[in-house]
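**Q** File name entry-v4.txt; file contents compact mmCIF, C-alpha atoms and all ligand atoms; full text below.
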# COMPACT_ATOMS: atom_id res chain seq x y z
CA MET A 1250 -33.16 -38.73 5.84
CA SER A 1251 -29.43 -38.17 5.75
CA ALA A 1252 -27.74 -36.19 8.53
CA LEU A 1253 -27.46 -32.53 7.69
CA VAL A 1254 -23.99 -31.14 7.30
CA PRO A 1255 -23.86 -27.88 9.26
CA LEU A 1256 -23.38 -24.71 7.27
CA ARG A 1257 -19.80 -23.44 7.24
CA GLU A 1258 -19.22 -20.97 10.02
CA GLN A 1259 -18.09 -18.20 7.66
CA LEU A 1260 -21.45 -18.35 5.88
CA ALA A 1261 -23.64 -17.99 8.93
CA ALA A 1262 -23.42 -14.17 8.93
CA LEU A 1263 -23.92 -13.78 5.18
CA GLY A 1264 -27.56 -12.65 5.39
CA ALA A 1265 -26.52 -9.35 6.90
CA TYR A 1266 -24.27 -8.55 3.90
CA HIS A 1267 -26.99 -8.63 1.28
CA SER A 1268 -28.74 -5.51 0.20
CA LEU A 1269 -32.47 -5.95 0.79
CA GLN A 1270 -34.46 -6.60 -2.39
CA VAL A 1271 -37.98 -5.46 -1.55
CA ALA A 1272 -40.51 -3.73 -3.72
CA ALA A 1273 -40.31 0.05 -3.36
CA ASP A 1274 -41.25 2.87 -5.73
CA VAL A 1275 -37.88 4.54 -5.26
CA ARG A 1276 -34.98 2.11 -4.83
CA LEU A 1277 -31.91 3.92 -3.59
CA ASN A 1278 -30.19 1.14 -1.65
CA SER A 1279 -27.82 -0.66 -4.05
CA ASN A 1280 -25.77 2.10 -5.70
CA GLU A 1281 -27.06 1.19 -9.15
CA SER A 1282 -27.14 3.75 -11.95
CA PRO A 1283 -30.53 5.48 -12.02
CA PHE A 1284 -30.23 5.74 -15.81
CA PRO A 1285 -30.51 2.75 -18.16
CA PRO A 1286 -27.63 2.04 -20.56
CA PRO A 1287 -27.75 3.69 -24.01
CA ASP A 1288 -30.53 2.42 -26.32
CA ALA A 1289 -28.00 1.92 -29.10
CA TRP A 1290 -26.00 -0.44 -26.85
CA LEU A 1291 -29.11 -2.48 -26.12
CA ARG A 1292 -29.97 -2.74 -29.83
CA ALA A 1293 -26.39 -3.73 -30.71
CA LEU A 1294 -26.41 -6.38 -27.96
CA ALA A 1295 -29.73 -7.85 -29.11
CA GLU A 1296 -28.43 -8.01 -32.67
CA ALA A 1297 -25.14 -9.63 -31.60
CA VAL A 1298 -26.84 -12.17 -29.33
CA GLY A 1299 -29.00 -13.16 -32.31
CA GLN A 1300 -25.84 -14.26 -34.17
CA VAL A 1301 -24.37 -16.38 -31.35
CA ASP A 1302 -23.73 -20.12 -31.75
CA PHE A 1303 -25.26 -21.03 -28.42
CA HIS A 1304 -24.44 -24.74 -28.79
CA ARG A 1305 -20.77 -23.78 -28.40
CA TYR A 1306 -18.95 -22.77 -25.23
CA PRO A 1307 -17.89 -19.14 -24.96
CA ASP A 1308 -14.28 -18.02 -25.48
CA ARG A 1309 -12.70 -19.21 -22.27
CA ASP A 1310 -10.08 -16.48 -22.30
CA ALA A 1311 -12.58 -13.67 -23.09
CA THR A 1312 -9.96 -12.51 -25.59
CA GLU A 1313 -11.90 -9.73 -27.30
CA LEU A 1314 -13.32 -8.36 -24.06
CA ARG A 1315 -9.95 -8.32 -22.30
CA ALA A 1316 -8.38 -6.60 -25.31
CA ALA A 1317 -11.15 -3.97 -25.26
CA VAL A 1318 -10.72 -3.31 -21.51
CA ALA A 1319 -6.94 -3.20 -21.96
CA GLY A 1320 -7.43 -0.65 -24.75
CA LEU A 1321 -9.59 1.50 -22.47
CA HIS A 1322 -6.87 1.71 -19.83
CA GLY A 1323 -3.78 1.56 -22.04
CA VAL A 1324 -2.55 -1.74 -20.56
CA LEU A 1325 -1.87 -5.18 -22.01
CA PRO A 1326 -4.63 -7.83 -22.27
CA GLU A 1327 -2.41 -10.04 -20.06
CA GLU A 1328 -2.93 -7.49 -17.30
CA VAL A 1329 -6.74 -7.83 -17.38
CA PHE A 1330 -8.96 -10.47 -15.79
CA CYS A 1331 -12.76 -10.33 -16.23
CA ALA A 1332 -15.47 -12.09 -14.25
CA ASN A 1333 -19.18 -11.97 -13.39
CA GLY A 1334 -19.17 -8.70 -11.48
CA SER A 1335 -16.32 -7.41 -9.39
CA ASN A 1336 -17.47 -9.67 -6.56
CA GLU A 1337 -16.50 -12.70 -8.63
CA VAL A 1338 -13.26 -10.96 -9.57
CA LEU A 1339 -12.47 -10.64 -5.84
CA GLN A 1340 -13.50 -14.23 -5.21
CA CYS A 1341 -11.17 -15.58 -7.92
CA LEU A 1342 -8.35 -13.34 -6.66
CA LEU A 1343 -8.72 -14.64 -3.11
CA VAL A 1344 -9.16 -18.27 -4.11
CA ALA A 1345 -5.87 -17.83 -5.98
CA PHE A 1346 -3.90 -15.76 -3.46
CA GLY A 1347 -5.78 -16.02 -0.14
CA GLY A 1348 -6.85 -19.14 1.70
CA GLN A 1349 -5.90 -20.89 4.93
CA GLY A 1350 -2.80 -19.63 6.69
CA ARG A 1351 -2.84 -16.22 4.94
CA ARG A 1352 -3.93 -12.85 6.26
CA ALA A 1353 -6.01 -9.97 4.89
CA LEU A 1354 -6.07 -6.42 6.26
CA VAL A 1355 -9.17 -4.23 5.92
CA PHE A 1356 -9.82 -0.66 7.07
CA GLU A 1357 -13.29 -0.61 8.62
CA PRO A 1358 -15.93 0.49 7.96
CA THR A 1359 -15.63 -0.54 4.32
CA TYR A 1360 -17.23 -2.85 1.75
CA ALA A 1361 -18.21 -5.90 3.82
CA LEU A 1362 -17.57 -8.41 1.05
CA HIS A 1363 -13.80 -7.90 1.25
CA ALA A 1364 -13.62 -9.42 4.73
CA HIS A 1365 -16.39 -11.85 3.93
CA ILE A 1366 -14.86 -13.37 0.79
CA ALA A 1367 -11.43 -13.45 2.44
CA GLY A 1368 -12.99 -15.33 5.38
CA LEU A 1369 -14.76 -17.73 3.03
CA THR A 1370 -11.45 -18.77 1.53
CA GLY A 1371 -10.14 -19.41 5.06
CA MET A 1372 -8.02 -16.26 5.44
CA GLU A 1373 -7.56 -14.60 8.79
CA VAL A 1374 -8.98 -11.06 8.56
CA VAL A 1375 -7.42 -8.22 10.55
CA SER A 1376 -9.52 -5.03 10.87
CA GLU A 1377 -8.03 -1.61 11.41
CA PRO A 1378 -10.39 1.28 12.25
CA ARG A 1379 -10.52 4.27 9.90
CA GLY A 1380 -9.72 7.78 11.08
CA GLY A 1381 -12.22 10.38 12.27
CA ASP A 1382 -12.99 11.52 8.70
CA LEU A 1383 -13.72 7.87 7.77
CA ARG A 1384 -10.65 7.70 5.52
CA VAL A 1385 -7.60 5.50 6.11
CA ASP A 1386 -5.90 7.05 9.16
CA PRO A 1387 -2.59 8.61 7.99
CA GLY A 1388 -1.06 8.08 11.43
CA ARG A 1389 -2.01 4.43 11.86
CA TRP A 1390 -1.91 2.49 8.60
CA ARG A 1391 1.84 1.82 8.59
CA ALA A 1392 1.86 0.25 12.06
CA ALA A 1393 -1.19 -1.83 11.08
CA ILE A 1394 0.67 -3.26 8.07
CA GLU A 1395 3.81 -3.90 10.11
CA ARG A 1396 1.76 -5.72 12.78
CA ALA A 1397 -0.41 -7.78 10.44
CA GLU A 1398 2.13 -8.52 7.69
CA PRO A 1399 -0.88 -9.04 5.40
CA ASP A 1400 -0.80 -11.16 2.28
CA VAL A 1401 -3.59 -8.95 0.95
CA VAL A 1402 -4.46 -5.34 1.90
CA PHE A 1403 -7.89 -4.05 0.84
CA LEU A 1404 -8.52 -0.44 0.01
CA CYS A 1405 -11.73 0.87 -1.47
CA SER A 1406 -11.60 4.23 -3.21
CA PRO A 1407 -14.06 5.89 -3.13
CA ASN A 1408 -14.94 3.82 -0.09
CA ASN A 1409 -18.31 2.13 0.22
CA PRO A 1410 -20.32 3.04 2.28
CA THR A 1411 -18.56 6.21 3.43
CA GLY A 1412 -18.03 7.77 -0.02
CA ARG A 1413 -14.59 9.39 0.26
CA LEU A 1414 -11.71 8.98 -2.14
CA GLU A 1415 -8.52 7.82 -0.37
CA ASP A 1416 -5.55 10.17 -0.42
CA PRO A 1417 -3.51 9.15 -3.52
CA GLU A 1418 -0.26 9.62 -1.59
CA ILE A 1419 -1.41 7.24 1.11
CA VAL A 1420 -2.50 4.64 -1.47
CA SER A 1421 0.91 4.91 -3.11
CA ALA A 1422 2.73 4.62 0.24
CA ILE A 1423 0.62 1.58 1.21
CA VAL A 1424 1.54 -0.12 -2.08
CA ASP A 1425 5.22 0.56 -1.35
CA ALA A 1426 5.03 -0.60 2.27
CA SER A 1427 2.96 -3.76 1.74
CA PRO A 1428 4.61 -7.15 1.56
CA GLY A 1429 1.86 -8.69 -0.61
CA LEU A 1430 -1.04 -7.68 -2.81
CA VAL A 1431 -2.81 -4.33 -2.41
CA VAL A 1432 -6.31 -4.46 -3.84
CA VAL A 1433 -7.81 -1.07 -4.63
CA ASP A 1434 -11.51 -1.63 -5.21
CA GLU A 1435 -12.64 1.14 -7.55
CA ALA A 1436 -16.24 0.08 -8.04
CA TYR A 1437 -17.03 3.82 -7.88
CA GLY A 1438 -13.76 4.94 -9.48
CA GLN A 1439 -15.30 6.73 -12.45
CA PHE A 1440 -17.13 9.12 -10.13
CA SER A 1441 -13.90 10.49 -8.73
CA SER A 1442 -10.95 12.44 -10.03
CA TRP A 1443 -8.12 10.01 -9.28
CA SER A 1444 -7.54 6.31 -9.96
CA ALA A 1445 -4.89 3.93 -8.65
CA LEU A 1446 -4.46 2.93 -12.29
CA ALA A 1447 -2.25 6.04 -12.45
CA LEU A 1448 0.16 4.29 -10.05
CA ARG A 1449 0.34 1.30 -12.34
CA SER A 1450 1.32 3.39 -15.33
CA GLU A 1451 3.79 5.37 -13.20
CA GLY A 1452 5.33 2.09 -11.98
CA ARG A 1453 5.74 1.02 -15.58
CA ARG A 1454 7.69 4.18 -16.35
CA ARG A 1455 9.86 3.93 -13.22
CA PRO A 1456 10.38 0.20 -12.64
CA ARG A 1457 11.10 -0.61 -8.98
CA ASP A 1458 12.10 -3.87 -7.37
CA GLY A 1459 12.82 -5.56 -10.67
CA GLY A 1460 10.01 -3.83 -12.57
CA GLY A 1461 6.23 -3.88 -12.64
CA THR A 1462 4.09 -2.28 -9.99
CA LYS A 1463 4.58 -4.81 -7.22
CA GLY A 1464 1.28 -6.21 -6.00
CA LEU A 1465 -1.11 -3.41 -6.96
CA VAL A 1466 -4.45 -4.79 -8.13
CA VAL A 1467 -7.15 -2.36 -9.31
CA VAL A 1468 -10.69 -3.75 -9.41
CA ARG A 1469 -13.49 -2.16 -11.42
CA THR A 1470 -17.06 -2.92 -12.38
CA PHE A 1471 -19.55 -2.25 -15.16
CA SER A 1472 -22.33 -2.25 -12.54
CA LYS A 1473 -22.28 1.42 -11.55
CA THR A 1474 -21.03 3.98 -14.08
CA TRP A 1475 -21.63 1.69 -17.00
CA ALA A 1476 -25.25 1.25 -15.90
CA MET A 1477 -25.01 -2.51 -16.33
CA ALA A 1478 -25.55 -4.07 -12.90
CA GLY A 1479 -27.85 -6.65 -14.48
CA ALA A 1480 -25.18 -7.82 -16.93
CA ARG A 1481 -22.77 -8.86 -14.11
CA LEU A 1482 -19.37 -7.84 -15.37
CA GLY A 1483 -16.27 -6.67 -13.53
CA TYR A 1484 -12.52 -6.81 -14.04
CA LEU A 1485 -9.15 -6.24 -12.50
CA VAL A 1486 -5.95 -4.73 -13.82
CA ALA A 1487 -2.80 -6.25 -12.31
CA ASP A 1488 0.51 -7.83 -13.17
CA PRO A 1489 0.25 -10.79 -15.60
CA GLU A 1490 1.20 -13.28 -12.81
CA VAL A 1491 -1.80 -12.12 -10.76
CA VAL A 1492 -4.08 -12.38 -13.79
CA ALA A 1493 -2.77 -15.89 -14.52
CA GLY A 1494 -3.56 -16.91 -10.91
CA CYS A 1495 -7.10 -15.58 -11.21
CA ARG A 1496 -7.62 -17.47 -14.44
CA ASP A 1497 -6.46 -20.68 -12.73
CA ALA A 1498 -8.94 -20.04 -9.90
CA ALA A 1499 -11.96 -19.28 -12.13
CA LEU A 1500 -14.23 -22.07 -13.29
CA PRO A 1501 -13.94 -22.97 -16.97
CA TYR A 1502 -16.28 -20.86 -19.16
CA HIS A 1503 -17.44 -18.80 -16.17
CA LEU A 1504 -18.08 -15.77 -18.37
CA SER A 1505 -21.02 -16.35 -20.71
CA VAL A 1506 -20.96 -15.31 -24.34
CA GLN A 1507 -23.70 -12.71 -23.66
CA THR A 1508 -21.68 -11.16 -20.82
CA GLN A 1509 -18.58 -10.93 -22.96
CA LEU A 1510 -20.56 -9.31 -25.77
CA ALA A 1511 -22.24 -6.88 -23.37
CA GLY A 1512 -18.82 -5.68 -22.23
CA VAL A 1513 -17.23 -5.42 -25.68
CA LEU A 1514 -20.21 -3.44 -26.99
CA ALA A 1515 -20.40 -1.19 -23.91
CA LEU A 1516 -16.86 -0.03 -24.56
CA ARG A 1517 -18.08 1.43 -27.85
CA TYR A 1518 -20.28 3.84 -25.89
CA VAL A 1519 -17.74 5.38 -23.53
CA ASP A 1520 -18.94 8.94 -24.21
CA GLU A 1521 -22.54 8.05 -23.41
CA MET A 1522 -21.43 6.27 -20.22
CA ASN A 1523 -19.37 9.31 -19.18
CA GLU A 1524 -22.41 11.47 -19.78
CA ARG A 1525 -24.26 9.31 -17.24
CA VAL A 1526 -21.47 9.86 -14.72
CA ARG A 1527 -21.76 13.62 -15.25
CA ARG A 1528 -25.52 13.54 -14.69
CA VAL A 1529 -25.13 11.46 -11.54
CA ALA A 1530 -22.49 13.88 -10.20
CA GLU A 1531 -24.87 16.77 -10.87
CA ALA A 1532 -27.72 14.99 -9.11
CA ARG A 1533 -25.35 14.17 -6.22
CA ALA A 1534 -24.64 17.88 -5.70
CA GLU A 1535 -28.39 18.59 -5.57
CA LEU A 1536 -28.93 15.71 -3.16
CA ALA A 1537 -26.12 16.94 -0.89
CA GLU A 1538 -27.62 20.43 -0.93
CA GLY A 1539 -31.02 19.03 0.03
CA LEU A 1540 -29.50 16.98 2.88
CA ALA A 1541 -27.63 20.04 4.16
CA GLY A 1542 -30.98 21.69 4.87
CA LEU A 1543 -32.16 18.80 7.07
CA ASP A 1544 -31.29 17.68 10.57
CA VAL A 1545 -28.71 15.11 9.48
CA GLU A 1546 -24.93 14.80 9.58
CA THR A 1547 -23.43 13.99 6.15
CA TRP A 1548 -20.03 13.09 4.70
CA PRO A 1549 -18.66 14.39 1.40
CA SER A 1550 -18.95 11.82 -1.38
CA ASP A 1551 -16.85 11.07 -4.46
CA ALA A 1552 -19.20 8.22 -5.38
CA ASN A 1553 -22.86 7.79 -6.40
CA PHE A 1554 -24.17 7.62 -2.84
CA VAL A 1555 -24.19 9.73 0.31
CA LEU A 1556 -23.83 8.54 3.90
CA PHE A 1557 -25.92 10.45 6.44
CA ARG A 1558 -26.87 10.24 10.10
CA PRO A 1559 -30.12 11.65 11.51
CA ARG A 1560 -29.11 13.85 14.45
CA ALA A 1561 -32.22 13.65 16.59
CA LYS A 1562 -34.13 10.59 15.36
CA ASP A 1563 -33.44 6.87 15.58
CA ALA A 1564 -31.97 5.79 12.22
CA ARG A 1565 -33.81 2.48 12.07
CA GLY A 1566 -37.10 4.31 12.66
CA VAL A 1567 -36.27 6.79 9.90
CA TRP A 1568 -35.41 3.91 7.54
CA ARG A 1569 -38.77 2.26 8.30
CA THR A 1570 -40.72 5.48 7.77
CA LEU A 1571 -38.93 6.04 4.44
CA LEU A 1572 -39.79 2.52 3.30
CA ALA A 1573 -43.42 2.96 4.35
CA GLY A 1574 -43.36 6.05 2.11
CA GLY A 1575 -42.04 3.98 -0.83
CA VAL A 1576 -38.36 4.97 -0.55
CA LEU A 1577 -35.74 2.28 0.09
CA VAL A 1578 -32.29 3.31 1.35
CA ARG A 1579 -29.58 1.20 3.00
CA ASP A 1580 -29.52 0.87 6.76
CA PHE A 1581 -26.01 0.73 8.23
CA SER A 1582 -27.09 1.85 11.70
CA ALA A 1583 -26.10 -1.42 13.36
CA ARG A 1584 -22.60 -1.61 11.74
CA ALA A 1585 -19.61 -0.88 13.97
CA GLY A 1586 -18.25 2.58 13.16
CA LEU A 1587 -21.46 3.56 11.33
CA GLU A 1588 -23.84 3.68 14.28
CA GLY A 1589 -26.96 5.61 13.38
CA CYS A 1590 -26.02 5.90 9.69
CA LEU A 1591 -28.06 5.39 6.53
CA ARG A 1592 -26.80 5.48 2.93
CA VAL A 1593 -28.74 6.84 -0.02
CA THR A 1594 -27.82 6.13 -3.64
CA VAL A 1595 -28.01 9.09 -6.01
CA GLY A 1596 -31.14 8.61 -8.10
CA THR A 1597 -32.75 10.65 -10.85
CA PRO A 1598 -33.57 14.25 -9.85
CA LYS A 1599 -37.19 13.14 -9.42
CA GLU A 1600 -36.24 10.18 -7.18
CA ASN A 1601 -33.94 12.37 -5.11
CA GLY A 1602 -36.79 14.84 -4.68
CA ARG A 1603 -39.09 12.05 -3.46
CA PHE A 1604 -36.38 10.89 -1.04
CA LEU A 1605 -35.71 14.38 0.37
CA GLU A 1606 -39.40 15.01 0.85
CA ALA A 1607 -39.90 11.64 2.59
CA LEU A 1608 -36.82 12.21 4.74
CA ALA A 1609 -37.98 15.66 5.80
CA GLY A 1610 -41.26 14.02 6.88
CA ALA A 1611 -39.50 11.18 8.71
CA LEU A 1612 -37.31 13.63 10.64
CA ARG A 1613 -40.22 15.76 11.75
N1 LIG B 1701 -17.00 -3.41 -4.70
C1 LIG B 1701 -17.70 -2.46 -4.10
C2 LIG B 1701 -16.99 -1.46 -3.28
C3 LIG B 1701 -19.08 -2.41 -4.22
O1 LIG B 1701 -19.78 -1.46 -3.59
C4 LIG B 1701 -19.75 -3.37 -5.02
C5 LIG B 1701 -21.24 -3.36 -5.23
N2 LIG B 1701 -22.00 -3.07 -4.16
C6 LIG B 1701 -18.97 -4.35 -5.61
C7 LIG B 1701 -17.60 -4.34 -5.45
C8 LIG B 1701 -19.58 -5.46 -6.40
O2 LIG B 1701 -20.12 -5.03 -7.56
P1 LIG B 1701 -20.38 -6.01 -8.78
O3 LIG B 1701 -20.21 -7.41 -8.30
O4 LIG B 1701 -21.78 -5.69 -9.19
O5 LIG B 1701 -19.36 -5.63 -9.81
Transcribe the structure of this file into structure tokens.
Ligand code: PMP
**A**
Amino acid sequence: MSALVPLREQLAALGAYHSLQVAADVRLNSNESPFPPPDAWLRALAEAVGQVDFHRYPDRDATELRAAVAGLHGVLPEEVFCANGSNEVLQCLLVAFGGQGRRALVFEPTYALHAHIAGLTGMEVVSEPRGGDLRVDPGRWRAAIERAEPDVVFLCSPNNPTGRLEDPEIVSAIVDASPGLVVVDEAYGQFSSWSALALRSEGRRRPRDGGGTKGLVVVRTFSKTWAMAGARLGYLVADPEVVAGCRDAALPYHLSVQTQLAGVLALRYVDEMNERVRRVAEARAELAEGLAGLDVETWPSDANFVLFRPRAKDARGVWRTLLAGGVLVRDFSARAGLEGCLRVTVGTPKENGRFLEALAGALR
């Protein structure tokens, strides 16, 4: 037997980052859409897949897909990079622009994969705590950037798992003050009223520092609003140099022909997808109302999930009781800054009802 090579240190903690995949009647732990994609999309995809020459490699540049995404946002195809979910987008970005000897800044608590992927590429990760309202602290971010001189700053808006949109003025000021890339992860962007993409178009109208929008990178996914978590498709919008770097870092033919088709066809159903966002937002309001009547602390959400903290009961115990009752939510109670917190994804009205009923029982 050959000697085992020990696992890389950065990977040892990975288990904790994965959302649990266990059987449960009501799965509200991964921020998926509770509604399936439009039937017409599924039929169009099946038809298109039937015509594919599967003995050939897919289009390496995902030309049609990137043009379709560019059309959606009114940018150039050269400003769009697509990959297998926004996690792979982030991985390519950090393989290209992170790595040994470079530094990333994150505002915790936030999406754990930012620090994790940065660490995997060998970056040093500096964490700055969020303010009392769990948003980036207006009084502290500037000093944090000056201290860390980060190559990459991560923002997440609306932030996972806390749910709040960042203040657009602060995002804009961070882009101006940062020496390197500023990644705004908008996995939940369609659920909120403002997008950092607005800063990119503004920058184009008022070119600064020789033009462009400096290092602003906006990352989006088809997994949430577009109800396509199973398809694995995400993208970023950034300056062409950043896109070119990501393409150099990606493996050849990383994006399968089916994935590219799924994305191109989805963009023909924008109205139906927006209708799903509207229904989720409606269900979110009902869920928030239900939570307000229970003995939990909650935070306002601009996303498709709500963070809450049982006031009088141990959160882990509540999580266990919910699961025993067939309802799976995400347990963040052991995460620094989120002590005692659980996160529930907005489900269908029926699922939310099941959750609220089970929670009321667990809190009794
Ligand atoms: N960013 C954030 C903030 C997320 O919450 C998620 C999904 N949990 C992702 C990125 C990754 O999504 P995907 O890889 O499915 O696009």
**Q** Which one of A:Phe1346, A:Phe1403, A:Phe1303, A:Trp1390 sits closest to ligand LIG 1701 (chain B) if you count all atoms listed in the file?
**A**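 Closest to ligand LIG 1701 (chain B), using all atoms listed in the file: A:Phe1403.
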**Q** Please write out the residues within 9 Å of ligand LIG 1701 (chain B) as a PyMOL selection string, counting all atoms listed in the file.
**A** chain A and resi 1268+1279-1281+1332-1339+1359-1363+1405-1410+1434-1437+1468-1473+1477-1484
**Q** How many Å separate atom CA of A:Ala1534 from atom CA of A:Ser1550?
**A**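 Computed distance, atom CA of A:Ala1534 to atom CA of A:Ser1550, equals 9.4 Å.
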**Q** Show me the residues around (-16.1, -23.5, -14.0) - criterion: an atom at most 12 Å away, all atoms listed in the file counted - as a list in words.
**A**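 The residues that fall inside the cut-off are Tyr1306, Pro1307, Arg1309, Ala1332, Asn1333, Cys1341, Arg1496, Asp1497, Ala1498, Ala1499, Leu1500, Pro1501, Tyr1502, His1503, Leu1504 and Ser1505 of chain A.
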**Q** When distances are computed from all atoms listed in the file, which of A:Ala1493, A:Leu1465, A:Ala1317, A:Val1374 shows the smallest separation from A:Phe1330?
**A**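 Among the listed residues, the smallest separation from A:Phe1330 belongs to A:Ala1493.
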**Q** From the list A:Glu1373, A:Glu1535, A:Ala1345, A:Leu1277, which residue is nearest A:Leu1591 when using all atoms listed in the file?
**A** A:Leu1277
**Q** As an exercise, work out the distance from atom CA of A:Val1593 to atom CA of A:Leu1446 in Å and give it to one decimal place.
**A**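 One can read the atom CA of A:Val1593 to atom CA of A:Leu1446 distance as 27.5 Å.
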